[in-house]
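What follows is entry.cif (mmCIF, C-alpha atoms and all ligand atoms).
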```
data_my_file
#
loop_
_atom_site.label_atom_id
_atom_site.label_comp_id
_atom_site.auth_asym_id
_atom_site.auth_seq_id
_atom_site.Cartn_x
_atom_site.Cartn_y
_atom_site.Cartn_z
CA MET A 1 -32.64 -13.29 21.48
CA LEU A 2 -34.00 -12.68 18.01
CA LEU A 3 -32.46 -9.24 17.99
CA SER A 4 -29.03 -10.56 18.79
CA LYS A 5 -29.32 -13.11 15.97
CA LEU A 6 -30.31 -10.35 13.62
CA ARG A 7 -27.33 -8.30 14.74
CA GLN A 8 -25.04 -11.26 14.12
CA ALA A 9 -26.46 -11.68 10.63
CA LEU A 10 -25.93 -7.99 9.94
CA ILE A 11 -22.30 -8.17 11.09
CA CYS A 12 -21.68 -11.17 8.87
CA LEU A 13 -23.25 -9.47 5.87
CA LEU A 14 -21.29 -6.28 6.39
CA ALA A 15 -17.99 -8.14 6.69
CA GLY A 16 -18.42 -9.70 3.27
CA LYS A 17 -16.10 -12.51 2.21
CA VAL A 18 -12.94 -12.68 4.29
CA THR A 19 -11.61 -16.12 3.44
CA LEU A 20 -8.41 -16.26 1.43
CA SER A 21 -8.54 -18.28 -1.74
CA TYR A 22 -5.02 -19.42 -1.05
CA PRO A 23 -4.17 -22.60 -2.90
CA ALA A 24 -6.04 -21.28 -5.95
CA LYS A 25 -4.31 -17.90 -5.88
CA PRO A 26 -0.71 -17.41 -4.76
CA ARG A 27 -0.12 -15.46 -1.61
CA PRO A 28 3.45 -14.19 -1.37
CA PRO A 29 4.77 -13.72 2.15
CA GLU A 30 5.46 -10.39 3.80
CA GLU A 31 8.70 -8.49 3.51
CA GLY A 32 11.32 -9.99 5.78
CA PHE A 33 9.92 -13.49 5.65
CA ARG A 34 12.58 -16.16 5.83
CA GLY A 35 11.96 -19.21 3.71
CA TYR A 36 14.13 -21.90 2.19
CA PRO A 37 17.81 -20.95 2.54
CA GLU A 38 19.30 -21.02 -0.93
CA VAL A 39 23.01 -21.59 -1.34
CA ASP A 40 25.08 -20.20 -4.18
CA VAL A 41 27.81 -22.83 -4.49
CA ASN A 42 29.91 -20.55 -6.64
CA LYS A 43 30.25 -18.03 -3.86
CA CYS A 44 30.74 -20.44 -0.99
CA ILE A 45 34.31 -20.75 0.24
CA GLY A 46 33.67 -23.63 2.60
CA CYS A 47 34.64 -21.73 5.72
CA GLY A 48 32.07 -23.53 7.84
CA ALA A 49 30.77 -20.45 9.65
CA CYS A 50 27.20 -21.43 8.78
CA ALA A 51 27.71 -24.87 10.27
CA ALA A 52 29.11 -23.36 13.45
CA VAL A 53 26.11 -21.13 14.14
CA CYS A 54 23.28 -23.32 12.88
CA PRO A 55 21.11 -24.05 15.92
CA ALA A 56 19.74 -27.22 14.37
CA ARG A 57 23.28 -28.42 13.49
CA LEU A 58 22.05 -29.57 10.13
CA ILE A 59 25.06 -28.55 8.04
CA LYS A 60 27.53 -31.39 7.93
CA ILE A 61 30.96 -30.64 6.55
CA GLU A 62 33.29 -33.37 5.44
CA ASP A 63 36.49 -33.27 3.45
CA VAL A 64 36.00 -35.99 0.87
CA ASP A 65 39.50 -35.64 -0.53
CA GLN A 66 42.34 -33.18 -0.35
CA THR A 67 40.67 -30.49 -2.41
CA THR A 68 36.96 -31.11 -2.06
CA ARG A 69 34.81 -30.14 0.87
CA ARG A 70 31.30 -31.51 0.83
CA MET A 71 28.54 -29.77 2.72
CA THR A 72 25.33 -31.66 3.38
CA ARG A 73 22.32 -29.74 4.61
CA LEU A 74 19.41 -31.68 6.05
CA LEU A 75 16.91 -28.89 5.58
CA GLU A 76 13.97 -30.90 6.86
CA ARG A 77 15.19 -29.82 10.29
CA CYS A 78 15.82 -26.20 9.36
CA VAL A 79 14.03 -23.66 11.55
CA PHE A 80 14.55 -20.82 9.03
CA CYS A 81 16.26 -18.62 11.60
CA GLY A 82 18.53 -16.99 9.01
CA ARG A 83 21.65 -17.16 11.16
CA CYS A 84 23.60 -18.93 8.43
CA ALA A 85 22.76 -16.16 5.96
CA GLU A 86 23.74 -13.56 8.52
CA VAL A 87 27.22 -14.91 9.27
CA CYS A 88 28.18 -15.99 5.78
CA PRO A 89 31.20 -13.84 4.86
CA GLU A 90 30.60 -14.23 1.12
CA ASP A 91 26.81 -13.80 1.20
CA ALA A 92 26.45 -17.19 -0.40
CA ILE A 93 23.22 -17.97 1.46
CA THR A 94 20.03 -16.05 0.85
CA MET A 95 16.78 -16.67 2.65
CA SER A 96 14.31 -17.05 -0.19
CA LYS A 97 10.58 -16.56 0.02
CA GLN A 98 9.82 -20.18 -0.76
CA PHE A 99 7.59 -21.59 1.96
CA GLU A 100 5.68 -24.33 0.13
CA LEU A 101 8.02 -27.03 1.25
CA THR A 102 5.56 -29.82 1.87
CA SER A 103 6.88 -33.11 0.64
CA ASP A 104 6.09 -36.75 1.07
CA GLN A 105 9.74 -37.77 1.40
CA ALA A 106 11.39 -34.96 3.26
CA ARG A 107 14.77 -36.64 3.64
CA GLN A 108 15.26 -36.90 -0.11
CA ASP A 109 13.66 -33.63 -1.19
CA LEU A 110 15.07 -31.36 1.45
CA THR A 111 18.64 -32.56 1.57
CA HIS A 112 21.02 -30.23 -0.18
CA VAL A 113 24.53 -31.33 -0.98
CA CYS A 114 27.15 -29.03 -2.41
CA GLU A 115 30.82 -29.50 -3.02
CA VAL A 116 33.37 -26.76 -2.70
CA PHE A 117 36.82 -26.81 -4.17
CA MET A 118 39.36 -25.88 -1.54
CA ALA A 119 42.82 -24.51 -2.14
CA THR A 120 45.58 -26.33 -0.36
CA CYS A 121 49.03 -25.48 0.84
CA LYS A 122 51.51 -25.95 -1.96
CA ARG A 123 53.90 -27.83 0.24
CA CYS A 124 51.97 -30.04 2.59
CA GLY A 125 48.86 -30.41 0.44
CA ARG A 126 46.28 -29.85 3.15
CA CYS A 127 43.45 -27.37 3.43
CA TYR A 128 44.63 -24.81 5.90
CA GLU A 129 43.26 -22.15 8.14
CA PRO A 130 44.93 -18.79 8.74
CA ALA A 131 46.68 -18.48 12.10
CA THR A 132 44.95 -15.51 13.73
CA PRO A 133 41.43 -14.13 13.46
CA LEU A 134 42.85 -11.04 11.78
CA ASP A 135 44.48 -13.14 9.09
CA ARG A 136 41.22 -14.96 8.69
CA ILE A 137 39.42 -11.70 7.96
CA MET A 138 42.11 -10.57 5.54
CA GLU A 139 42.01 -13.85 3.67
CA PRO A 140 40.03 -13.26 0.48
CA GLY A 141 38.87 -16.85 0.33
CA PHE A 142 40.07 -20.31 -0.49
CA ARG A 143 38.25 -20.40 -3.78
CA HIS A 144 39.81 -22.04 -6.79
CA ASP A 145 39.95 -18.76 -8.68
CA GLN A 146 42.18 -17.41 -5.94
CA ILE A 147 44.44 -20.36 -5.67
CA ASP A 148 47.48 -18.36 -6.73
CA ARG A 149 46.89 -15.79 -4.05
CA GLY A 150 46.01 -18.12 -1.27
CA GLY A 151 48.48 -20.92 -1.74
CA ASP A 152 51.37 -19.30 0.06
CA ARG A 153 49.70 -18.42 3.32
CA CYS A 154 50.20 -21.69 5.09
CA PRO A 155 50.66 -21.26 8.85
CA TYR A 156 53.86 -23.30 8.62
CA PRO A 157 56.20 -21.03 6.69
CA GLU A 158 58.96 -23.56 7.26
CA LEU A 159 57.07 -26.05 5.16
CA ARG A 160 56.35 -23.78 2.23
CA ALA A 161 57.72 -24.38 -1.19
CA PRO A 162 61.26 -23.02 -1.14
CA ASP A 163 60.86 -21.05 -4.35
CA SER A 164 58.01 -19.05 -2.90
CA GLU A 165 60.21 -17.70 -0.11
CA SER A 166 62.83 -15.02 -0.21
CA PRO A 167 65.83 -16.59 -1.89
CA SER A 168 68.31 -17.30 0.85
CA THR A 169 70.75 -19.98 -0.15
CA ASP A 170 71.37 -21.31 3.36
CA GLU A 171 67.71 -21.97 3.88
CA HIS A 172 67.45 -23.64 0.54
CA ASP A 173 70.11 -26.17 1.44
CA GLU A 174 68.47 -26.80 4.76
CA HIS A 175 65.15 -27.46 3.10
CA ASP A 176 66.62 -29.74 0.51
CA GLU A 177 68.11 -31.86 3.24
CA HIS A 178 64.65 -32.70 4.54
CA LEU A 179 63.01 -33.27 1.23
CA ASP A 180 63.34 -37.03 1.26
CA GLU A 181 61.68 -37.39 4.61
CA PRO A 182 57.94 -37.81 4.93
CA VAL A 183 55.89 -34.72 5.71
CA SER A 184 55.03 -35.88 9.22
CA ALA A 185 58.70 -36.03 10.13
CA GLN A 186 59.14 -32.50 8.79
CA VAL A 187 56.24 -31.27 10.87
CA ALA A 188 57.76 -32.89 13.93
CA GLN A 189 61.02 -31.08 13.25
CA VAL A 190 59.22 -27.78 12.92
CA VAL A 191 57.39 -28.29 16.18
CA GLU A 192 60.62 -29.16 17.92
CA ALA A 193 62.28 -26.07 16.55
CA LYS A 194 59.49 -23.95 17.97
CA MET B 1 -0.05 -47.68 -7.37
CA LEU B 2 -0.48 -47.49 -3.62
CA LYS B 3 -0.24 -43.72 -3.84
CA LYS B 4 -3.05 -43.58 -6.40
CA LEU B 5 -5.19 -45.82 -4.23
CA CYS B 6 -4.48 -43.52 -1.30
CA LYS B 7 -5.54 -40.50 -3.34
CA LYS B 8 -8.76 -42.28 -4.24
CA ALA B 9 -9.40 -43.11 -0.64
CA PHE B 10 -9.02 -39.51 0.51
CA PHE B 11 -10.84 -37.54 -2.15
CA LYS B 12 -13.63 -36.61 0.26
CA SER B 13 -13.43 -34.77 3.54
CA LEU B 14 -10.43 -35.25 5.76
CA TRP B 15 -11.25 -35.28 9.42
CA ILE B 16 -8.20 -34.51 11.43
CA TYR B 17 -7.16 -35.40 14.91
CA HIS B 18 -4.57 -33.01 16.24
CA THR B 19 -1.90 -34.32 18.56
CA ASN B 20 0.90 -32.52 20.30
CA THR B 21 3.85 -34.86 20.62
CA GLY B 22 6.01 -32.39 22.49
CA ALA B 23 5.68 -29.16 20.55
CA CYS B 24 6.36 -25.73 21.95
CA ASN B 25 2.78 -24.78 21.00
CA GLY B 26 3.88 -22.67 18.03
CA CYS B 27 2.79 -25.23 15.48
CA ASP B 28 -0.45 -25.95 17.37
CA ILE B 29 -1.43 -22.31 17.24
CA GLU B 30 -0.72 -22.12 13.50
CA LEU B 31 -2.81 -25.23 13.00
CA ILE B 32 -5.73 -23.64 14.85
CA ASP B 33 -5.12 -20.56 12.69
CA VAL B 34 -5.70 -22.67 9.59
CA LEU B 35 -9.16 -23.60 10.87
CA THR B 36 -10.25 -19.99 11.42
CA PRO B 37 -12.54 -18.30 8.85
CA TYR B 38 -9.64 -16.32 7.38
CA TYR B 39 -7.72 -19.36 6.15
CA ASP B 40 -10.67 -21.70 6.44
CA ALA B 41 -9.43 -25.20 5.85
CA GLU B 42 -12.99 -26.33 6.47
CA ARG B 43 -13.88 -25.43 2.90
CA PHE B 44 -11.89 -28.55 1.92
CA GLY B 45 -14.09 -30.53 4.27
CA MET B 46 -11.50 -30.63 7.01
CA LYS B 47 -12.81 -30.85 10.49
CA LEU B 48 -11.15 -31.12 13.86
CA VAL B 49 -12.55 -34.15 15.67
CA GLY B 50 -12.30 -35.00 19.31
CA SER B 51 -11.48 -38.67 19.08
CA PRO B 52 -8.93 -40.55 16.98
CA ARG B 53 -11.61 -43.12 16.15
CA HIS B 54 -13.45 -40.52 14.07
CA ALA B 55 -10.39 -39.27 12.27
CA ASP B 56 -8.79 -39.94 8.88
CA VAL B 57 -5.67 -37.92 9.47
CA LEU B 58 -3.37 -37.77 12.43
CA VAL B 59 -1.70 -34.38 12.54
CA CYS B 60 1.38 -34.42 14.74
CA CYS B 61 3.16 -31.29 15.94
CA GLY B 62 6.48 -31.29 17.65
CA PRO B 63 9.38 -33.62 18.29
CA VAL B 64 8.49 -37.00 19.74
CA THR B 65 9.46 -37.10 23.37
CA ARG B 66 10.32 -40.33 25.11
CA GLN B 67 7.24 -39.98 27.28
CA VAL B 68 4.83 -39.75 24.38
CA VAL B 69 6.02 -42.71 22.29
CA PRO B 70 3.69 -45.41 23.71
CA ALA B 71 0.73 -43.02 23.65
CA LEU B 72 1.47 -42.02 20.06
CA LYS B 73 1.62 -45.65 18.98
CA ARG B 74 -1.71 -46.35 20.65
CA LEU B 75 -3.16 -43.27 19.01
CA TYR B 76 -2.02 -44.42 15.59
CA GLU B 77 -3.62 -47.80 16.11
CA ALA B 78 -6.86 -46.16 17.20
CA VAL B 79 -7.25 -44.27 13.90
CA PRO B 80 -9.25 -46.45 11.49
CA ASP B 81 -7.69 -47.46 8.17
CA PRO B 82 -7.03 -45.93 5.69
CA LYS B 83 -5.19 -43.19 7.49
CA LEU B 84 -2.70 -40.45 6.83
CA VAL B 85 -0.10 -38.98 9.14
CA ILE B 86 0.93 -35.37 8.58
CA ALA B 87 3.96 -33.99 10.43
CA VAL B 88 3.62 -30.25 10.97
CA GLY B 89 6.74 -28.25 11.75
CA SER B 90 10.46 -28.82 11.56
CA CYS B 91 10.36 -30.62 14.88
CA ALA B 92 7.89 -33.20 13.67
CA SER B 93 9.65 -33.55 10.30
CA GLY B 94 13.09 -34.37 11.62
CA GLY B 95 13.48 -33.35 15.22
CA GLY B 96 14.11 -29.65 14.60
CA ILE B 97 16.63 -28.07 16.89
CA TRP B 98 15.92 -30.69 19.54
CA TYR B 99 16.88 -33.69 17.42
CA ASP B 100 19.71 -34.76 19.74
CA SER B 101 18.18 -33.76 23.04
CA TYR B 102 18.26 -36.34 25.82
CA ASN B 103 14.48 -36.73 26.02
CA ILE B 104 13.69 -36.68 22.30
CA VAL B 105 13.64 -39.75 20.11
CA GLY B 106 13.50 -37.69 16.89
CA GLY B 107 10.89 -36.72 14.35
CA VAL B 108 7.52 -38.39 14.03
CA ASP B 109 8.88 -40.64 11.28
CA VAL B 110 10.95 -42.49 13.86
CA VAL B 111 7.77 -43.85 15.42
CA LEU B 112 5.08 -43.71 12.72
CA PRO B 113 5.08 -43.85 8.91
CA VAL B 114 4.61 -40.20 7.92
CA ASP B 115 2.88 -39.36 4.64
CA TYR B 116 3.40 -35.61 4.44
CA TYR B 117 6.00 -33.39 6.03
CA ILE B 118 5.44 -29.65 6.42
CA PRO B 119 8.71 -28.06 7.56
CA GLY B 120 8.79 -24.61 9.11
CA CYS B 121 9.18 -23.28 12.60
CA PRO B 122 6.28 -22.82 12.77
CA PRO B 123 5.11 -23.25 9.18
CA ARG B 124 3.05 -20.40 7.81
CA PRO B 125 -0.69 -21.10 7.84
CA GLU B 126 -0.45 -20.99 4.06
CA ALA B 127 2.24 -23.65 4.18
CA ILE B 128 -0.04 -25.90 6.23
CA LEU B 129 -2.88 -25.21 3.78
CA HIS B 130 -0.54 -26.14 0.95
CA GLY B 131 0.27 -29.35 2.78
CA VAL B 132 -3.33 -30.41 3.27
CA ALA B 133 -4.18 -29.36 -0.28
CA MET B 134 -1.37 -31.63 -1.41
CA ALA B 135 -2.81 -34.44 0.68
CA LEU B 136 -6.11 -33.88 -1.14
CA GLY B 137 -4.34 -33.85 -4.50
CA LEU B 138 -5.21 -30.22 -5.26
CA VAL B 139 -1.70 -28.83 -5.66
CA GLU B 140 1.64 -30.16 -6.79
CA LYS B 141 4.79 -30.61 -4.80
CA GLN B 142 7.07 -27.58 -5.06
CA VAL B 143 10.34 -29.00 -3.79
CA GLU B 144 12.12 -31.56 -5.88
CA ALA B 145 15.16 -33.62 -5.21
CA GLU B 146 16.96 -32.24 -8.26
CA GLY B 147 19.09 -29.79 -6.29
CA LEU B 148 20.44 -32.65 -4.26
CA ARG B 149 23.99 -32.49 -5.44
CA GLN B 150 25.32 -29.14 -6.45
CA LEU B 151 28.75 -28.50 -7.84
CA PRO B 152 30.26 -25.11 -8.60
CA ASP B 153 30.81 -24.16 -12.24
CA ARG B 154 34.38 -25.16 -12.62
CA PRO B 155 36.44 -26.93 -15.25
CA GLU B 156 36.04 -30.67 -15.42
CA THR B 157 39.62 -31.34 -14.53
CA VAL B 158 40.74 -29.73 -11.34
CA PRO B 159 44.19 -28.17 -11.60
CA MET B 160 45.96 -30.41 -9.18
CA ASP B 161 48.46 -28.60 -7.11
CA VAL B 162 51.48 -30.82 -7.47
CA PRO B 163 54.41 -29.37 -5.62
CA GLU B 164 57.19 -29.09 -8.15
CA HIS B 165 59.98 -29.02 -5.62
CA ARG B 166 59.17 -32.53 -4.42
CA GLY B 167 61.31 -34.16 -7.09
CA ARG B 168 65.05 -33.50 -6.96
CA LYS B 169 66.25 -30.61 -9.04
S1 LIG C 1 18.24 -20.99 8.61
FE1 LIG C 1 18.97 -21.49 10.70
S2 LIG C 1 18.42 -23.67 11.00
FE2 LIG C 1 18.29 -23.25 8.77
S3 LIG C 1 20.32 -23.81 7.97
FE3 LIG C 1 20.40 -21.62 8.42
S4 LIG C 1 21.23 -21.51 10.51
FE4 LIG C 1 20.52 -23.64 10.22
S1 LIG C 2 31.00 -19.29 2.71
FE1 LIG C 2 28.95 -19.09 3.62
S2 LIG C 2 27.87 -20.92 2.88
FE2 LIG C 2 30.03 -21.31 2.57
S3 LIG C 2 30.72 -22.41 4.43
FE3 LIG C 2 31.13 -20.20 4.79
S4 LIG C 2 29.29 -19.46 5.83
FE4 LIG C 2 28.72 -21.45 4.91
S1 LIG C 3 8.71 -26.55 14.69
FE1 LIG C 3 9.14 -24.68 15.86
S2 LIG C 3 7.10 -23.90 16.37
FE2 LIG C 3 6.82 -26.06 15.78
S3 LIG C 3 6.95 -27.22 17.70
FE3 LIG C 3 9.02 -27.16 16.84
S4 LIG C 3 10.00 -25.38 17.82
FE4 LIG C 3 7.79 -25.17 18.13
#
```
Using C-alpha cells, write down the structure that the file contains.
Ligand code: SF4
Ligand code: SF4
Ligand code: SF4
Amino acid sequence: MLLSKLRQALICLLAGKVTLSYPAKPRPPEEGFRGYPEVDVNKCIGCGACAAVCPARLIKIEDVDQTTRRMTRLLERCVFCGRCAEVCPEDAITMSKQFELTSDQARQDLTHVCEVFMATCKRCGRCYEPATPLDRIMEPGFRHDQIDRGGDRCPYPELRAPDSESPSTDEHDEHDEHLDEPVSAQVAQVVEAK
Amino acid sequence: MLKKLCKKAFFKSLWIYHTNTGACNGCDIELIDVLTPYYDAERFGMKLVGSPRHADVLVCCGPVTRQVVPALKRLYEAVPDPKLVIAVGSCASGGGIWYDSYNIVGGVDVVLPVDYYIPGCPPRPEAILHGVAMALGLVEKQVEAEGLRQLPDRPETVPMDVPEHRGRK
C-alpha cells in the first residue's frame, strides 16, 4: 500500500510538468490541419463548385443582378472538411490554420459574404455556362479581366452579336429581322429551329 | 453592461455540466480531452459535475434532436442562475452537416440562448480551451465580423456590357 503510493509519487516526479500552457503561449496546429477556409475573392470565378460539394450546404449562391453573383458562407456550420478547397478550379480557397473561432455571436462573426463579377453574353445579357464539360474545362474563367475572351462563348451562337460572327451577309439580314422582337421570342425561334 | 455583469459573475471557477444533445461523440471525447492533465482545464477552476444543479455552465455538444428538446429545456431550467451555455462543435453552433435532417431542430441556439459558440468538427482541444478562456475573460475574440462583405478589387464603375447592335444601324 505505502510502497505503491511511493511508486506513484516517483512516477509523477519523474514525469515533470506535462501540462500545456496553452492560452498563455500560442500552440500552432500540426501540418495538414484544416482551419478556417479563407476565400480570395479576386481569384474566385463564381463557378459554384464549392457550393456543390459542401457537405454542410453552407455556401449560398445568388445572382443579385445581371453581373453580380453573391456567395454567402455560413461558416458557423462548417466542418472544415476541405472539400471546397480541393475542388476549387482557381485555388481561391485555402484552409488556413486559424482554429480559435470561438465567438459569442457566431451568425454575425462567421458569415462571409463575397461578390463576384460575372461576365455575361454580349447578346442576351445573361451569365452563361459552357455547353459540354470539356468546354467548361477549357473556359479560362468568367472573370471581369477576361470579359473580352469569354463574351463570345454563349451556348446560343444564333443569339450572338452579329459582328462577332463570320461576316455572312445573308445571316446578317436574318438577324436584323429579329432585332425588334424581345429576347424571349428569339430564344423560342432558336429552339424551334433546333 | 449585461456582459460586464456576466464577466463579474463568472470570474471564479466554472463548474460545467456536460450534455450530449445528439452528438456523434467526437465533440464529447475532445471535451474529456480538455480535462486531462495534458490540457488541464482544471487549472482554470473548471470541474465536471454530475448534476445540473451544481453547475454554472451547460456545455452542449451536438445538434439538437427532436427527442432531446424537452429534456434540454428542463436541464437549462435546472441550472441555477447566473448561467452560461457553451455550444461545442459545428453541430451545436448551427446544426453542422445535419442542419436540415428530419430529426434535427437545428443548433443549440434554436432552443436555448447560447453565450459562446466553438465551431469545429470536432474543435481542437486548444479551441475548446480558447473558448472557456474567453468565457473567463482571459483571451480576446479572434474572429471579427469585419470580413463580412468582401468585394474583389475592381474599378468602381463596372464596364456595363451594352450590346451595340441593339439599336438600329
Ligand atoms: S470546409 Fe467543408 S464544410 Fe466548410 S465550407 Fe468547405 S466544403 Fe463546406
Ligand atoms: S472559383 Fe472556387 S471559390 Fe469560387 S465558386 Fe468556384 S469553387 Fe467556389
Ligand atoms: S461537430 Fe462534428 S464531431 Fe462534433 S458532434 Fe457534430 S459531427 Fe460530431
- Out of A:Glu38, A:Glu115, A:Glu31, A:Glu90, which residue has the shortest atom-to-atom distance to chain B when counting all atoms listed in the file? A:Glu115
- Message: Let me make sure I understand: among B:Gly96, B:Gly107, B:Gly26, B:Pro123, which one has the smallest atom-to-atom distance to chain A if we use only C-alpha atoms?
- Response: B:Gly96
First collect every listed atom of ligand LIG 3 (chain C); then fit an axis-aligned box around them, widen it by 4 Å on each side, and give centre and edge lengths in Å to one decimal, as AutoDock Vina command-line options.
```
--center_x 8.4 --center_y -25.6 --center_z 16.4 --size_x 11.2 --size_y 11.3 --size_z 11.4
```
- Distance filter 10 Å around ligand LIG 1 (chain C), atoms: all atoms listed in the file, out as a VMD selection string: (chain A and resid 34 to 39 49 to 59 73 to 88 93 to 95) or (chain B and resid 90 96 to 97 120 to 121)
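Put simply, atom FE2 of ligand LIG 2 (chain C) is 9.6 Å away from atom CA of Cys114 of chain A.
Distances from A:Thr67, A:Ser96, A:Thr19, A:Ser4 to chain B were compared using only C-alpha atoms, and the smallest one belongs to A:Thr19.
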- Task: Dump the neighbourhood of ligand LIG 3 (chain C) as a count of residues only: all residues within 10 Å, distances computed on all atoms listed in the file.
- Result: 37
- Note on the structure: As a check of understanding: the span from atom CA of Ala41 of chain B to atom CA of Val69 of chain B is 28.6 Å
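Take the candidates A:Ile45, A:Leu3, A:Leu110, A:Met118 and check each one against chain B using only C-alpha atoms; the shortest distance goes to A:Leu110.
For the choices B:Asp40, B:Asp109, B:Glu140, B:Asp33, the atom-to-atom distance to chain A is smallest for B:Asp40 when using all atoms listed in the file.
If you look at atom CA of Gly48 of chain A and atom FE3 of ligand LIG 2 (chain C), they are 4.6 Å away from each other.
For the choices B:Ile86, B:Leu31, B:Val79, B:Leu112, the atom-to-atom distance to chain A is smallest for B:Ile86 when using all atoms listed in the file.
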